[in-house]
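Report on the structure given below.
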Amino acid sequence: MNDISDNSSNSLANGGTVANSDIPKDGTGVLSIDPWLEPFKDTLKSRYSKAQSWIDTINKTEGGLEKFSRGTEIFGFNVDKDNTITYREWAPNAKQASLIGEFNNWDRNAHRMKKNEFGVFEITIPPTANGQPAIPHNSKIKITLELPDGQWVDRLPAWIKYVTQDLSVSPAYEARFWNPPQSERYTFKHKRPSKPESLRIYEAHVGISSPECKVATYKEFTKTMLPRIKNLGYNAIQLMAIMEHAYYASFGYQVNSFFAASSRYGPPEDLKELVDTAHAMGIAVLLDVVHSHASKNVLDGLNEFDGTDHQYFHGGGRGKHDLWDSRLFNYGHHEVMRFLLSNLRFWMDEYAFDGFRFDGVTSMLYLHHGIGTGFSGGYHEYFGPDVDEEAVVYLMLANEMLHQLYPNVITVAEDVSGMPALCLPLSLGGVGFDYRLAMAIPDMWIKILKEKKDEEWDMANITWTLTNRRHGEKTIAYCESHDQALVGDKTLMMHLCDAELYTNMSILTPLTPVIDRGMALHKMIRLLTHSLGGEGYLNFEGNEFGHPEWLDFPREGNQNSFWYARRQLNLTEDGLLRYQYLNNFDRSMNLTEDKYGWLHAPQAYISLKHEGDKVIVFERAGLVFVFNFHPSNSYTDYRIGIEQAGTYRIVLDSDTKEHGGFNRLDPQTRFFTSDLPWNNRKNSTHVYIPARTAFVLALESTLSE
């Protein structure tokens with residue numbers, strides 16, 4: 001990627017370690033990578049200084065980030081070895097508090113709590129006479145608070161680790177005291193896998209991971225999805241909708257209980273088994289973490305927890321997201337910082353996740369939250385008064401804590417704005433993320449399919465968009481994610497084939513021009529994005545084989561139907577359907593990358609982007625990638641440039657029978673280079689490129705490695 005960023009530590013501690021002594025340790029080290037940031041060095045210094053100030057404060061008052069982020073050992077419920085239960089809750093506006101539940105018949109007077117000078121209520125409950133915890137495992141509990149006006153309100157404990165919902169009674173969640181006996185606790189058996197050099201992410205949602213009309217479970221995902229993901233060649237899973245959310249159709253983005261794994265899919269121990277089983281397969285598991293906003297629910301959320309609108313969130317309009325109808329955290333508050341950092345630590349320690357995809361980072365970074373705002377790429381947009389400096393500093397501290405405690409952690413930012421230095425090391429003044437999502441790429445593909453005829457595809461514009469990423473900052477490329485699969489939008493395969501997906505995907509029916517085109521371009525788009533678009537790759541479950549239906553969760557508008565809230569993964573297992581071929585190609589593509597490692601290789605050298613021929617040729621990781629997007633023209637004896645001399649063979653071909661093609665290329669063909677320079681490369685060779693076909697060449701000597 002970049003020697004300076006690669007050799008600088010992702011840490012603020014003691015100024016971090018920078019690549020060389022000429023680089024200042026004041027937050028302006030990023031200028032050594034991007035000199036165009038020079039006019040904004042004062043802002044960079046200010047951010048860096050604020051982050052250092054937070055660390056100094058935490059060191060002095062809390063004993064350091066490591067201790068500060070262990071908030072679950074102080075707040076919420078903790079059970080000692082002798083089964084004494086201690087419960088603490090921060091609720092500064094409340095006058096009095098009591099712990100109530102099934103264990104004390106919801107008696108407000110039975111277990112009164114004491115309040116300290118920091119607004120924290122506490123109670124210690126000794127074990128029963130026979131030494132058992134006074135609160136039974138899985139029993140219902142709440143905290144009830146007296147507000148200044150004398151009103152008593154019930155709340156779910158903010159740090160609760162298990163909540164359940166019974167829709168036949170109420171949509172509101174109920175808190176449960178989760179304290180299973182030792183014999184029922186899941187014990188992790190496998191170490192975390194090493195951090196992948198090439199990150200190939202399978203984005204998944206547990207609840208929809210079944211062809212049946214139901215909410216699938218953690219157990220089912222472990223049994224059916226993990227082997228599938230492993231077989232497809234992915235080495236990481238991004239799990240969506242795990243943090244408990246009141247509304248299933250929110251896709252997990254309206255969180256009400258931040259420390260609770262969703263009970264829709266089963267108990268916490270089943271999620272631990274899922275993660276541990278993935279680790280046994282060498283698969284890292286990332287949590288889709290939502291710290292950009294929170295559900296506005298009062299009865300079962302954080303909103304108005306102590307009767308005010310400004311405990312965890314900003315008060316007034318700044319604390320509300322108008323588009324999402326949710327609440328916005330006050331990242332500058334000491335206790336909110338403890339809550340959020342401890343939340344990240346909890347998911348790493350309790351469930352052994354390997355990292356996070358931070359949702360809604362654009363909304364966090366800017367006071368306008370990206371609403372009604374376009375980003376032109378002008379640097380003033382990233383360093384002006386619209387930036388929420390408190391949120392930027394929170395993200396810096398989150399990355400500091402995570403990378404300090406878990407050196408192999410993976411953090412991914414979902415940011416559409418393109419903020420500079422978001423994925424540069426903290427020691428240089430960056431925000432510290434490992435990767436950012438290349439959100440412009442799926443927009444490009446959808447725009448092309450909606451607006452352009454095949455003959456009008458602009459090869460130069462496509463390759464420019466795929467390679468237009470910030471130097472030294474790693475990017476995860478994707479053609480489409482869950483966003484494109486949702487009802488109201490269309491996946492690539494639906495854009496390509498539309499209604500024929502339902503009638504002409506059987507091998508017993510003739511291959512129509514629409515299906516032929518759709519399958520060919522589906523493969524080519526994915527390979528081009530995978531190989532040219534970034535340093536990581538992401539796919540949403542089902543899209544790898546062109547899932548034929550959109551995603552629509554049960555809601556009033558569809559009579560609460562589960563018909564579209566499922567993934568018909570069985571389609572690839574039917575030998576009479578063409579979906580199997582797209583699935584096969586996805587596997588071949590990932591396995592080829594696993595062997596040659598183009599994702600962690602330097603950015604590609606594009607030697608040809610021919611508008612008339614619709615041909616793209618580039619080299620990366622010692623491989624030669626050849627694409628012919630022309631709808632009808634095939635080219636014989638087509639000369640292409642190659643830097644490294646040698647004998648080459650085909651290692652990946654979109655046109656094989658196994659991949660649903662016509663077998664127009666002979667896999668045994670040997671391509672010999674000549675020392676005739678071509679397209680700025682030292683050598684060249686001739687190839688046959690069938691229409692709408694992509695293939696990859698590698699040195700023959702690598703085939704046996």
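Here's how to read the names in the structure tokens: chain A, B, ... by the order shown, residue numbers from 1 in each chain, ligand numbers from 1 in the order shown.
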
Counting only C-alpha atoms, which residues of range 89-110 of chain A fall within 12 Å of range 169-178 of chain A, and what is the closest atom pair for each with its distance in Å at one decimal, ordered by chain and rising number, as CSV?
residue,atom,partner,partner_atom,distance
A:Leu99,CA,A:Phe177,CA,11.8
A:Ile100,CA,A:Ala175,CA,10.9
A:Gly101,CA,A:Arg176,CA,9.2
A:Glu102,CA,A:Arg176,CA,9.9
A:Phe103,CA,A:Phe177,CA,10.2

Which residues, written as number ranges by chain, have at least one atom at most 9 Å from Ile606 in chain A, with only C-alpha atoms counted and residues fewer than 2 positions away on the same chain left out?
A: 463, 604, 608-609, 616-620

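The nearest approach to Tyr605 in chain A among the residues A:Arg70, A:His291, A:Arg681, A:Arg155, with only C-alpha atoms taken into account, belongs to A:Arg681.
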
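Omitting Tyr406 in chain A and its sequence neighbours fewer than 3 positions away, and counting only C-alpha atoms, the residues within 12 Å are Asn10, Ser11, Glu66, Arg192, Ser194, Lys195, Leu344, Arg345, Met348, Asp349, Ala352, Phe353, Asp354, Gly355, Ala398, Asn399, Glu400, Met401, Leu402, His403, Val409, Ile410 and Thr411 of chain A.
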
Pick out the residues sitting within 10 Å of range 686-689 of chain A, and hand them over as a ChimeraX atom specification; count only C-alpha atoms, and ignore anything fewer than 2 positions along from it in its own chain.
/A:615,626-629,633-641,664-666,669-674,684,691-695

Take the residues from that selection and write them out as a compact mmCIF listing (two decimals), in the first residue's frame, keeping N, CA, C and O atoms.
# COMPACT_ATOMS: atom_id res chain seq x y z
N VAL A 615 -12.52 -3.52 -24.45
CA VAL A 615 -11.56 -4.43 -23.82
C VAL A 615 -10.80 -3.70 -22.72
O VAL A 615 -10.39 -2.55 -22.90
N VAL A 626 -7.95 -10.02 -18.31
CA VAL A 626 -8.42 -9.63 -19.63
C VAL A 626 -9.95 -9.68 -19.65
O VAL A 626 -10.55 -10.71 -19.33
N PHE A 627 -10.57 -8.56 -20.04
CA PHE A 627 -12.03 -8.46 -20.08
C PHE A 627 -12.46 -7.97 -21.47
O PHE A 627 -11.92 -6.99 -21.98
N ASN A 628 -13.44 -8.64 -22.04
CA ASN A 628 -14.06 -8.17 -23.28
C ASN A 628 -15.55 -7.95 -23.03
O ASN A 628 -16.34 -8.90 -22.97
N PHE A 629 -15.94 -6.69 -22.87
CA PHE A 629 -17.34 -6.35 -22.58
C PHE A 629 -18.16 -6.17 -23.86
O PHE A 629 -19.34 -5.84 -23.78
N ASN A 633 -18.67 -8.83 -30.45
CA ASN A 633 -17.37 -9.02 -31.09
C ASN A 633 -16.42 -9.88 -30.24
O ASN A 633 -16.17 -9.58 -29.08
N SER A 634 -15.91 -10.94 -30.85
CA SER A 634 -14.81 -11.71 -30.27
C SER A 634 -13.55 -11.36 -31.05
O SER A 634 -13.61 -11.00 -32.23
N TYR A 635 -12.40 -11.47 -30.39
CA TYR A 635 -11.15 -11.04 -31.02
C TYR A 635 -10.13 -12.18 -31.01
O TYR A 635 -9.81 -12.73 -29.96
N THR A 636 -9.63 -12.50 -32.22
CA THR A 636 -8.57 -13.50 -32.33
C THR A 636 -7.23 -12.79 -32.49
O THR A 636 -7.15 -11.67 -33.01
N ASP A 637 -6.18 -13.44 -32.03
CA ASP A 637 -4.81 -12.89 -32.13
C ASP A 637 -4.74 -11.44 -31.65
O ASP A 637 -4.16 -10.57 -32.31
N TYR A 638 -5.36 -11.20 -30.50
CA TYR A 638 -5.42 -9.84 -29.94
C TYR A 638 -4.17 -9.63 -29.09
O TYR A 638 -3.93 -10.35 -28.12
N ARG A 639 -3.35 -8.65 -29.48
CA ARG A 639 -2.09 -8.44 -28.76
C ARG A 639 -2.34 -7.64 -27.48
O ARG A 639 -3.01 -6.62 -27.48
N ILE A 640 -1.80 -8.16 -26.38
CA ILE A 640 -1.88 -7.46 -25.09
C ILE A 640 -0.48 -7.31 -24.50
O ILE A 640 0.40 -8.14 -24.74
N GLY A 641 -0.29 -6.25 -23.75
CA GLY A 641 1.00 -6.01 -23.11
C GLY A 641 1.12 -6.76 -21.80
O GLY A 641 0.15 -6.90 -21.06
N ARG A 664 -15.24 -21.64 -24.82
CA ARG A 664 -14.58 -21.18 -26.05
C ARG A 664 -13.07 -21.05 -25.90
O ARG A 664 -12.37 -20.85 -26.88
N LEU A 665 -12.57 -21.16 -24.67
CA LEU A 665 -11.13 -21.07 -24.43
C LEU A 665 -10.59 -22.42 -23.99
O LEU A 665 -11.20 -23.10 -23.16
N ASP A 666 -9.46 -22.79 -24.52
CA ASP A 666 -8.83 -24.07 -24.16
C ASP A 666 -7.93 -23.84 -22.94
O ASP A 666 -6.95 -23.09 -23.01
N THR A 669 -4.07 -24.09 -23.31
CA THR A 669 -3.30 -23.17 -24.15
C THR A 669 -2.17 -22.53 -23.35
O THR A 669 -2.37 -22.09 -22.21
N ARG A 670 -0.98 -22.49 -23.98
CA ARG A 670 0.17 -21.82 -23.37
C ARG A 670 0.43 -20.53 -24.14
O ARG A 670 0.47 -20.52 -25.37
N PHE A 671 0.56 -19.43 -23.39
CA PHE A 671 0.76 -18.12 -24.00
C PHE A 671 2.22 -17.70 -23.79
O PHE A 671 2.65 -17.51 -22.65
N PHE A 672 2.96 -17.60 -24.89
CA PHE A 672 4.38 -17.25 -24.82
C PHE A 672 4.53 -15.75 -25.09
O PHE A 672 4.00 -15.24 -26.07
N THR A 673 5.27 -15.07 -24.23
CA THR A 673 5.49 -13.64 -24.46
C THR A 673 6.64 -13.44 -25.45
O THR A 673 7.53 -14.29 -25.57
N SER A 674 6.58 -12.34 -26.15
CA SER A 674 7.71 -11.91 -26.99
C SER A 674 8.20 -10.58 -26.46
O SER A 674 7.47 -9.88 -25.75
N SER A 684 4.79 -8.75 -24.73
CA SER A 684 3.41 -8.88 -25.20
C SER A 684 3.15 -10.31 -25.64
O SER A 684 4.08 -11.12 -25.81
N ALA A 691 -16.51 -12.70 -26.91
CA ALA A 691 -17.39 -11.63 -26.46
C ALA A 691 -17.92 -11.93 -25.05
O ALA A 691 -18.17 -13.09 -24.71
N ARG A 692 -18.06 -10.87 -24.27
CA ARG A 692 -18.58 -10.97 -22.89
C ARG A 692 -17.90 -12.09 -22.11
O ARG A 692 -18.55 -12.94 -21.50
N THR A 693 -16.59 -12.04 -22.11
CA THR A 693 -15.80 -13.05 -21.40
C THR A 693 -14.66 -12.36 -20.66
O THR A 693 -14.11 -11.36 -21.13
N ALA A 694 -14.33 -12.92 -19.51
CA ALA A 694 -13.15 -12.47 -18.76
C ALA A 694 -12.31 -13.69 -18.42
O ALA A 694 -12.84 -14.76 -18.13
N PHE A 695 -10.99 -13.51 -18.46
CA PHE A 695 -10.11 -14.59 -18.02
C PHE A 695 -8.85 -14.01 -17.39
O PHE A 695 -8.53 -12.82 -17.57

Can you check which residues of range 415-511 of chain A DSSP gives as helix (DSSP H, G or I) on the backbone and send them as a count of residues only?
42

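The nearest approach to Ala621 in chain A among the residues A:Ser531, A:Gln668, A:Gln238, A:Ser342, with only C-alpha atoms taken into account, belongs to A:Ser531.
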
Contacts of range 262-266 of chain A at 10 Å (only C-alpha atoms; same-chain gap of 3+ positions) as a PyMOL selection string:
chain A and resi 161-165+206-207+215-221+241-246+248+252+255+257-259+269-271

Using only C-alpha atoms for the distances, tell me which of A:Cys497, A:Asp386, A:Ala13, A:Ala645 is nearest to Pro513 in chain A.
A:Cys497

With only C-alpha atoms counted and 12 Å as the cut-off, give the residues of range 178-205 of chain A in contact with range 80-83 of chain A, each with its shortest interatomic distance in Å and the pair that gives it, as a Markdown table.
| residue | atom | partner | partner_atom | distance |
| --- | --- | --- | --- | --- |
| A:Asn179 | CA | A:Asn83 | CA | 10.2 |
| A:Pro180 | CA | A:Asn83 | CA | 12.0 |
| A:Pro181 | CA | A:Asn83 | CA | 11.0 |
| A:Gln182 | CA | A:Lys81 | CA | 11.5 |

Keeping only all heavy atoms, write the selected residues to a file as an mmCIF file, in the first residue's frame.
data_model
loop_
_atom_site.group_PDB
_atom_site.id
_atom_site.type_symbol
_atom_site.label_atom_id
_atom_site.label_comp_id
_atom_site.auth_asym_id
_atom_site.auth_seq_id
_atom_site.Cartn_x
_atom_site.Cartn_y
_atom_site.Cartn_z
ATOM 1 N N ASN A 179 -27.677 -15.459 33.526
ATOM 2 C CA ASN A 179 -26.631 -15.988 34.401
ATOM 3 C C ASN A 179 -26.727 -17.509 34.433
ATOM 4 O O ASN A 179 -27.013 -18.112 35.461
ATOM 5 C CB ASN A 179 -26.791 -15.407 35.812
ATOM 6 C CG ASN A 179 -25.686 -15.860 36.758
ATOM 7 O OD1 ASN A 179 -24.534 -15.971 36.365
ATOM 8 N ND2 ASN A 179 -26.049 -16.131 38.007
ATOM 9 N N PRO A 180 -26.474 -18.160 33.265
ATOM 10 C CA PRO A 180 -26.650 -19.613 33.215
ATOM 11 C C PRO A 180 -25.646 -20.326 34.108
ATOM 12 O O PRO A 180 -24.540 -19.821 34.350
ATOM 13 C CB PRO A 180 -26.399 -19.935 31.738
ATOM 14 C CG PRO A 180 -25.546 -18.816 31.238
ATOM 15 C CD PRO A 180 -25.970 -17.609 31.999
ATOM 16 N N PRO A 181 -26.017 -21.500 34.595
ATOM 17 C CA PRO A 181 -25.049 -22.283 35.384
ATOM 18 C C PRO A 181 -23.841 -22.637 34.524
ATOM 19 O O PRO A 181 -23.921 -22.668 33.293
ATOM 20 C CB PRO A 181 -25.844 -23.528 35.791
ATOM 21 C CG PRO A 181 -27.006 -23.587 34.851
ATOM 22 C CD PRO A 181 -27.315 -22.181 34.468
ATOM 23 N N GLN A 182 -22.736 -22.904 35.163
ATOM 24 C CA GLN A 182 -21.488 -23.152 34.448
ATOM 25 C C GLN A 182 -21.635 -24.251 33.402
ATOM 26 O O GLN A 182 -21.050 -24.181 32.317
ATOM 27 C CB GLN A 182 -20.383 -23.510 35.449
ATOM 28 C CG GLN A 182 -18.975 -23.254 34.932
ATOM 29 C CD GLN A 182 -18.702 -21.784 34.629
ATOM 30 O OE1 GLN A 182 -19.105 -20.909 35.383
ATOM 31 N NE2 GLN A 182 -18.035 -21.520 33.508
#

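Between CA of Asn303 in chain A and CA of Phe358 in chain A lies a distance of 21.2 Å.
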
Counting only C-alpha atoms, what is within 6 Å of range 310-317 of chain A, bar same-chain residues fewer than 2 positions away, as a list in words?
Thr308, Gly319, Lys320, Leu328, Phe329, Asn330 and Val336 of chain A

Select from range 642-663 of chain A every residue with an atom at most 10 Å from any atom of range 573-594 of chain A, then for each give the shortest pair of atoms and their distance in Å to one decimal, using only C-alpha atoms, rows by chain and rising number, as a Markdown table.
| residue | atom | partner | partner_atom | distance |
| --- | --- | --- | --- | --- |
| A:Val651 | CA | A:Thr592 | CA | 7.4 |
| A:Leu652 | CA | A:Thr592 | CA | 7.1 |
| A:Asp653 | CA | A:Phe585 | CA | 8.6 |
| A:Ser654 | CA | A:Phe585 | CA | 7.0 |
| A:Asp655 | CA | A:Phe585 | CA | 9.6 |
| A:Thr656 | CA | A:Phe585 | CA | 9.3 |
| A:Lys657 | CA | A:Tyr581 | CA | 8.1 |
| A:Glu658 | CA | A:Tyr581 | CA | 6.0 |
| A:His659 | CA | A:Tyr581 | CA | 4.4 |
| A:Gly660 | CA | A:Tyr581 | CA | 4.9 |
| A:Gly661 | CA | A:Tyr581 | CA | 8.5 |

Output N, CA, C and O atoms of each residue in that selection to a file, as a short mmCIF file (atom, residue, chain, number, x, y, z; two decimals), in the first residue's frame.
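Okay, this is what ended up in result-v7.cif:
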data_model
loop_
_atom_site.label_atom_id
_atom_site.label_comp_id
_atom_site.auth_asym_id
_atom_site.auth_seq_id
_atom_site.Cartn_x
_atom_site.Cartn_y
_atom_site.Cartn_z
N VAL A 651 -5.87 -19.30 -15.50
CA VAL A 651 -6.15 -19.83 -14.15
C VAL A 651 -7.59 -19.52 -13.71
O VAL A 651 -8.06 -20.06 -12.71
N LEU A 652 -8.28 -18.66 -14.45
CA LEU A 652 -9.69 -18.38 -14.16
C LEU A 652 -10.35 -17.94 -15.46
O LEU A 652 -9.81 -17.08 -16.17
N ASP A 653 -11.50 -18.53 -15.75
CA ASP A 653 -12.17 -18.27 -17.03
C ASP A 653 -13.68 -18.22 -16.77
O ASP A 653 -14.27 -19.19 -16.29
N SER A 654 -14.32 -17.10 -17.12
CA SER A 654 -15.77 -16.96 -16.89
C SER A 654 -16.58 -17.78 -17.89
O SER A 654 -17.80 -17.92 -17.72
N ASP A 655 -15.92 -18.32 -18.94
CA ASP A 655 -16.64 -18.95 -20.05
C ASP A 655 -16.63 -20.48 -20.00
O ASP A 655 -17.05 -21.13 -20.95
N THR A 656 -16.16 -21.07 -18.90
CA THR A 656 -16.16 -22.53 -18.83
C THR A 656 -17.59 -23.05 -18.62
O THR A 656 -18.48 -22.33 -18.18
N LYS A 657 -17.81 -24.31 -18.94
CA LYS A 657 -19.11 -24.94 -18.72
C LYS A 657 -19.51 -24.89 -17.24
O LYS A 657 -20.66 -24.68 -16.89
N GLU A 658 -18.51 -25.12 -16.39
CA GLU A 658 -18.74 -25.10 -14.94
C GLU A 658 -19.28 -23.74 -14.48
O GLU A 658 -20.03 -23.64 -13.52
N HIS A 659 -18.90 -22.69 -15.22
CA HIS A 659 -19.32 -21.33 -14.88
C HIS A 659 -20.48 -20.85 -15.75
O HIS A 659 -20.78 -19.66 -15.78
N GLY A 660 -21.12 -21.77 -16.47
CA GLY A 660 -22.28 -21.40 -17.27
C GLY A 660 -21.92 -20.80 -18.61
O GLY A 660 -22.75 -20.12 -19.22
N GLY A 661 -20.70 -21.04 -19.09
CA GLY A 661 -20.26 -20.46 -20.35
C GLY A 661 -20.27 -21.46 -21.49
O GLY A 661 -20.93 -22.51 -21.43
#

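Within range 322-536 of chain A, DSSP run on the backbone puts these residues in strand (DSSP E): Ser326, Arg327, Gly355, Phe356, Arg357, Phe358, Ile410, Thr411, Val412, Ala413, Tyr435, Arg436, Leu437, Thr475, Ile476, Ala477 and Gly536 of chain A.
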
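The shortest atom-to-atom distance to Lys95 in chain A, with only C-alpha atoms taken into account, belongs to A:Gln151 out of A:Asn504, A:Gln151, A:Ser209, A:Ser292.
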
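Here CA of Ser5 in chain A stands at a distance of 16.8 Å from CA of Gln404 in chain A.
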
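CA of Ser376 in chain A sits 20.9 Å away from CA of Ile33 in chain A.
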
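Here the question is which of A:Asn256, A:Ser53, A:Asn297, A:Ser32 gets nearest to Gly332 in chain A using only C-alpha atoms, and that residue is A:Ser53.
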
Measuring between only C-alpha atoms, which one of A:Gly360, A:Gly307, A:Pro126, A:Gly536 shows the shortest distance to Glu414 in chain A?
A:Gly360

Nearby residues (only C-alpha atoms) at most 9 Å from Ile135 in chain A, same-chain spacing under 2 positions excluded, as a ChimeraX atom specification:
/A:85,101-104,125,127,132-133,137-139,141,177
